[in-house]
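> Please find one structure pasted underneath; my questions will follow.
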Amino acid sequence: MPPVTPPARVAFIGMGVMGAAMAANILRAGFALSVHTRNRAKAEALEAMGASWAATPAAAAADAALVAMCLPDTPDVEAVLFGADGVAQGIASGAVAVDFSTIAAAPAAGFARRLHAERGAFLLDSPVSGGPGGARDGTLTCMVGGDRDAFAAARPMLEAVGRTLTHLGPAGAGQVCKSANQLIIGTTVLAISEALALGRKAGLDPEAMRQALLGGSARSFAMENHAKRIIAGITEPGFRAELMRKDLRLAAAATRDHGVFAPATATTAQMMEALVNSGRGAQDSATLGLLVAELSGLPAV
């Protein structure tokens with residue numbers, strides 16, 4: 001299966017913050033681009049850049065060598081693939097679909113089997129890490145599961161959106177790795193939240209404490225970035241708490257499915273439930289630190 005290179009046509013479905021930025025980078029890389037999303041207004045900027053509008057996922061997929069999707073959750077992916085006027089009704093045999101969504105691993109594997117059985121097309125699960133900034137800059141990490149030859153075919157398109165591209169195994173493997181990624185981030189943010197609350201309760205300056213911790217083995221992306229947001233009381237979302245709750249539900253389910261003893265994942269998932277139930281679902285996931293501070297009896301930042 002040869003690599004699909006510009007100016008081949010790519011269809012992109014899902015124009016959220018991540019999807020729109022990724023689609024723009026694919027267009028800038030020289031691919032022809034067809035786009036579809038539920039709210040056409042979200043595609044206007046891409047149309048102005050030269051993308052063509054498709055009325056349905058099936059229409060988007062009909063003349064595309066690659067079909068990309070970036071959608072909120074498992075049911076959304078299933079509907080776009082196999083619902084009325086879905087991708088499966090338009091995609092050609094031998095074509096490759098790449099799902100950048102973060103969804104459950106077992107359904108992702110099932111979708112790949114079904115798409116190949118029904119249409120002879122390949123589906124890669126390629127959840128990403130790096131947030132809106134990585135999507136904008138084309139520096140995302142792509143964790144890919146599925147057919148290795150299909151991965152090689154899609155690689156030029158993946159290189160337009162990501163810097164670290166890793167094929168991890170059969171369909172569903174990318175989603176398992178993404179669950180691992182999210183449980184690491186979530187539990188790290190929870191630990192940082194507790195550490196900052198401890199410092200404040202003991203009378204330490206939180207920013208001085210963060211700088212000290214960055215100088216040692218506690219240094220991490222979360223300490224560099226999320227701790228700063230916690231200290232400043234920033235609630236505007238980079239990554240919404242309700243999405244992190246969804247991802248940690250997936251991580252908790254994955255650990256159960258594979259018989260992993262995962263107390264850290266379970267605790268963090270419960271805390272994300274509490275965060276969203278406190279009315280902060282639309283705020284940044286790092287507001288977990290503000291909830292921990294409240295529960296510790298600390299005044300608001």
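Labels for the structure tokens follow display order: chains A, B, ..., residues from 1 in each chain, ligands from 1.
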Please run DSSP on the backbone and report, as a list in words, all residues within range 116-207 of chain A that come out as strand (DSSP E).
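So the strand (DSSP E) residues in range 116-207 of chain A would be Phe122, Leu123, Leu124, Asp125, Val128, Ser129, Leu140, Thr141, Cys142, Met143, Val144, Gly145, Gly162, Arg163, Thr164, Leu165, Thr166, His167, Leu168 and Gly169 of chain A.
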> Where does DSSP see helix (DSSP H, G or I) in range 4-181 of chain A, if you list the residues as an MDAnalysis selection string?
chainID A and resid 17:28 40:49 57:62 74:82 87:89 105:119 131:137 148:161 173:181
> With range 181-194 of chain A as the partner and 10 Å as the cut-off, tabulate the residues of range 76-160 of chain A that qualify, each row holding the nearest pair of atoms and their distance in Å to one decimal, using only C-alpha atoms, sorted by chain and rising number, as a tab-separated table.

```
residue	atom	partner	partner_atom	distance
A:Val128	CA	A:Asn181	CA	9.6
A:Ser129	CA	A:Asn181	CA	8.0
A:Met143	CA	A:Asn181	CA	9.8
```
> Measuring atom to atom with only C-alpha atoms, identify which of A:Cys177, A:Ile13, A:Ala135, A:Ala218 is nearest to Ile103 in chain A.
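The shortest atom-to-atom distance to Ile103 in chain A comes from A:Cys177.
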> From the list A:Asp125, A:Glu242, A:Asp63, A:Asp137, which residue is nearest Gly279 in chain A when using only C-alpha atoms?
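Using only C-alpha atoms, Gly279 in chain A sits closest to A:Glu242.
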> Have a look at CA of Gly138 in chain A and CA of Glu159 in chain A and let me know their distance in Å, one decimal.
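Interatomic distance, CA of Gly138 in chain A to CA of Glu159 in chain A: 8.0 Å.
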> Provide the CA of Phe31 in chain A to CA of Gln175 in chain A distance in Å, to one decimal place.
26.3 Å
> A:Ala55, A:Ala262, A:Leu290, A:Ala97: which is nearest Phe122 in chain A, counting only C-alpha atoms?
A:Ala97
> Fewer than 4 positions away in the same chain doesn't count, so skip those; otherwise give me all residues within 10 Å of range 206-211 of chain A, counting only C-alpha atoms, as a PyMOL selection string.
chain A and resi 192+195-200+215-216+218-219+223-224+227-228+230-232
> So which residues touch Val17 in chain A within 12 Å, counting only C-alpha atoms, skipping near sequence neighbours fewer than 3 positions away, as number ranges by chain?
A: 14, 20-24, 42-43, 70-72, 131-136, 237-240
> Which residues are near Phe12 in chain A? Cut-off 7 Å, only C-alpha atoms, ignore same chain within fewer than 5 positions. Put them as a ChimeraX atom specification.
/A:23,34-36,67-69
> Residues within 12 Å of Glu294 in chain A, please, as a list of chain:residue names. Count only C-alpha atoms; anything in the same chain fewer than 3 positions from it doesn't count.
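Using only C-alpha atoms, the neighbours found are A:Ser193, A:Glu194, A:Ala197, A:Arg200, A:Lys201, A:Leu275, A:Ser278, A:Thr287, A:Leu288, A:Gly289, A:Leu290, A:Leu291, A:Gly297, A:Leu298, A:Pro299, A:Ala300, A:Val301.
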> Next, write the just-selected residues to a file, as a PDB file, in the first residue's frame, keeping N, CA and C atoms as the atom set.

```
ATOM      1  N   SER A 193      -2.103  18.872  42.729  1.00  0.00           N
ATOM      2  CA  SER A 193      -3.131  19.616  43.458  1.00  0.00           C
ATOM      3  C   SER A 193      -2.984  19.432  44.961  1.00  0.00           C
ATOM      4  N   GLU A 194      -2.751  18.188  45.375  1.00  0.00           N
ATOM      5  CA  GLU A 194      -2.568  17.912  46.800  1.00  0.00           C
ATOM      6  C   GLU A 194      -1.282  18.557  47.321  1.00  0.00           C
ATOM      7  N   ALA A 197      -1.817  22.296  47.705  1.00  0.00           N
ATOM      8  CA  ALA A 197      -2.656  22.556  48.878  1.00  0.00           C
ATOM      9  C   ALA A 197      -1.849  22.383  50.160  1.00  0.00           C
ATOM     10  N   ARG A 200       0.346  25.486  50.589  1.00  0.00           N
ATOM     11  CA  ARG A 200      -0.423  26.655  51.038  1.00  0.00           C
ATOM     12  C   ARG A 200      -0.817  26.528  52.505  1.00  0.00           C
ATOM     13  N   LYS A 201      -1.246  25.344  52.896  1.00  0.00           N
ATOM     14  CA  LYS A 201      -1.645  25.144  54.295  1.00  0.00           C
ATOM     15  C   LYS A 201      -0.458  25.357  55.233  1.00  0.00           C
ATOM     16  N   LEU A 275     -15.388  16.778  40.321  1.00  0.00           N
ATOM     17  CA  LEU A 275     -15.123  18.087  39.726  1.00  0.00           C
ATOM     18  C   LEU A 275     -16.247  18.491  38.782  1.00  0.00           C
ATOM     19  N   SER A 278     -19.413  19.315  40.509  1.00  0.00           N
ATOM     20  CA  SER A 278     -19.384  20.602  41.223  1.00  0.00           C
ATOM     21  C   SER A 278     -19.730  21.764  40.304  1.00  0.00           C
ATOM     22  N   THR A 287      -8.734  22.679  36.967  1.00  0.00           N
ATOM     23  CA  THR A 287      -9.480  23.218  38.105  1.00  0.00           C
ATOM     24  C   THR A 287      -9.684  22.150  39.178  1.00  0.00           C
ATOM     25  N   LEU A 288      -9.239  20.932  38.889  1.00  0.00           N
ATOM     26  CA  LEU A 288      -9.176  19.924  39.939  1.00  0.00           C
ATOM     27  C   LEU A 288      -8.385  20.458  41.129  1.00  0.00           C
ATOM     28  N   GLY A 289      -7.356  21.241  40.856  1.00  0.00           N
ATOM     29  CA  GLY A 289      -6.566  21.825  41.937  1.00  0.00           C
ATOM     30  C   GLY A 289      -7.364  22.783  42.789  1.00  0.00           C
ATOM     31  N   LEU A 290      -8.302  23.502  42.185  1.00  0.00           N
ATOM     32  CA  LEU A 290      -9.139  24.426  42.942  1.00  0.00           C
ATOM     33  C   LEU A 290     -10.119  23.664  43.821  1.00  0.00           C
ATOM     34  N   LEU A 291     -10.618  22.519  43.313  1.00  0.00           N
ATOM     35  CA  LEU A 291     -11.511  21.701  44.122  1.00  0.00           C
ATOM     36  C   LEU A 291     -10.773  21.120  45.324  1.00  0.00           C
ATOM     37  N   GLY A 297     -10.080  23.373  52.787  1.00  0.00           N
ATOM     38  CA  GLY A 297     -10.405  24.529  53.620  1.00  0.00           C
ATOM     39  C   GLY A 297      -9.631  25.781  53.272  1.00  0.00           C
ATOM     40  N   LEU A 298      -9.073  25.829  52.049  1.00  0.00           N
ATOM     41  CA  LEU A 298      -8.299  27.003  51.632  1.00  0.00           C
ATOM     42  C   LEU A 298      -9.195  27.996  50.920  1.00  0.00           C
ATOM     43  N   PRO A 299      -8.918  29.280  51.054  1.00  0.00           N
ATOM     44  CA  PRO A 299      -9.703  30.295  50.336  1.00  0.00           C
ATOM     45  C   PRO A 299      -9.432  30.230  48.841  1.00  0.00           C
ATOM     46  N   ALA A 300     -10.347  30.732  48.047  1.00  0.00           N
ATOM     47  CA  ALA A 300     -10.183  30.769  46.606  1.00  0.00           C
ATOM     48  C   ALA A 300      -8.969  31.615  46.247  1.00  0.00           C
ATOM     49  N   VAL A 301      -8.337  31.270  45.144  1.00  0.00           N
ATOM     50  CA  VAL A 301      -7.164  32.013  44.691  1.00  0.00           C
ATOM     51  C   VAL A 301      -7.575  33.415  44.274  1.00  0.00           C
TER      52      VAL A 301
END
```
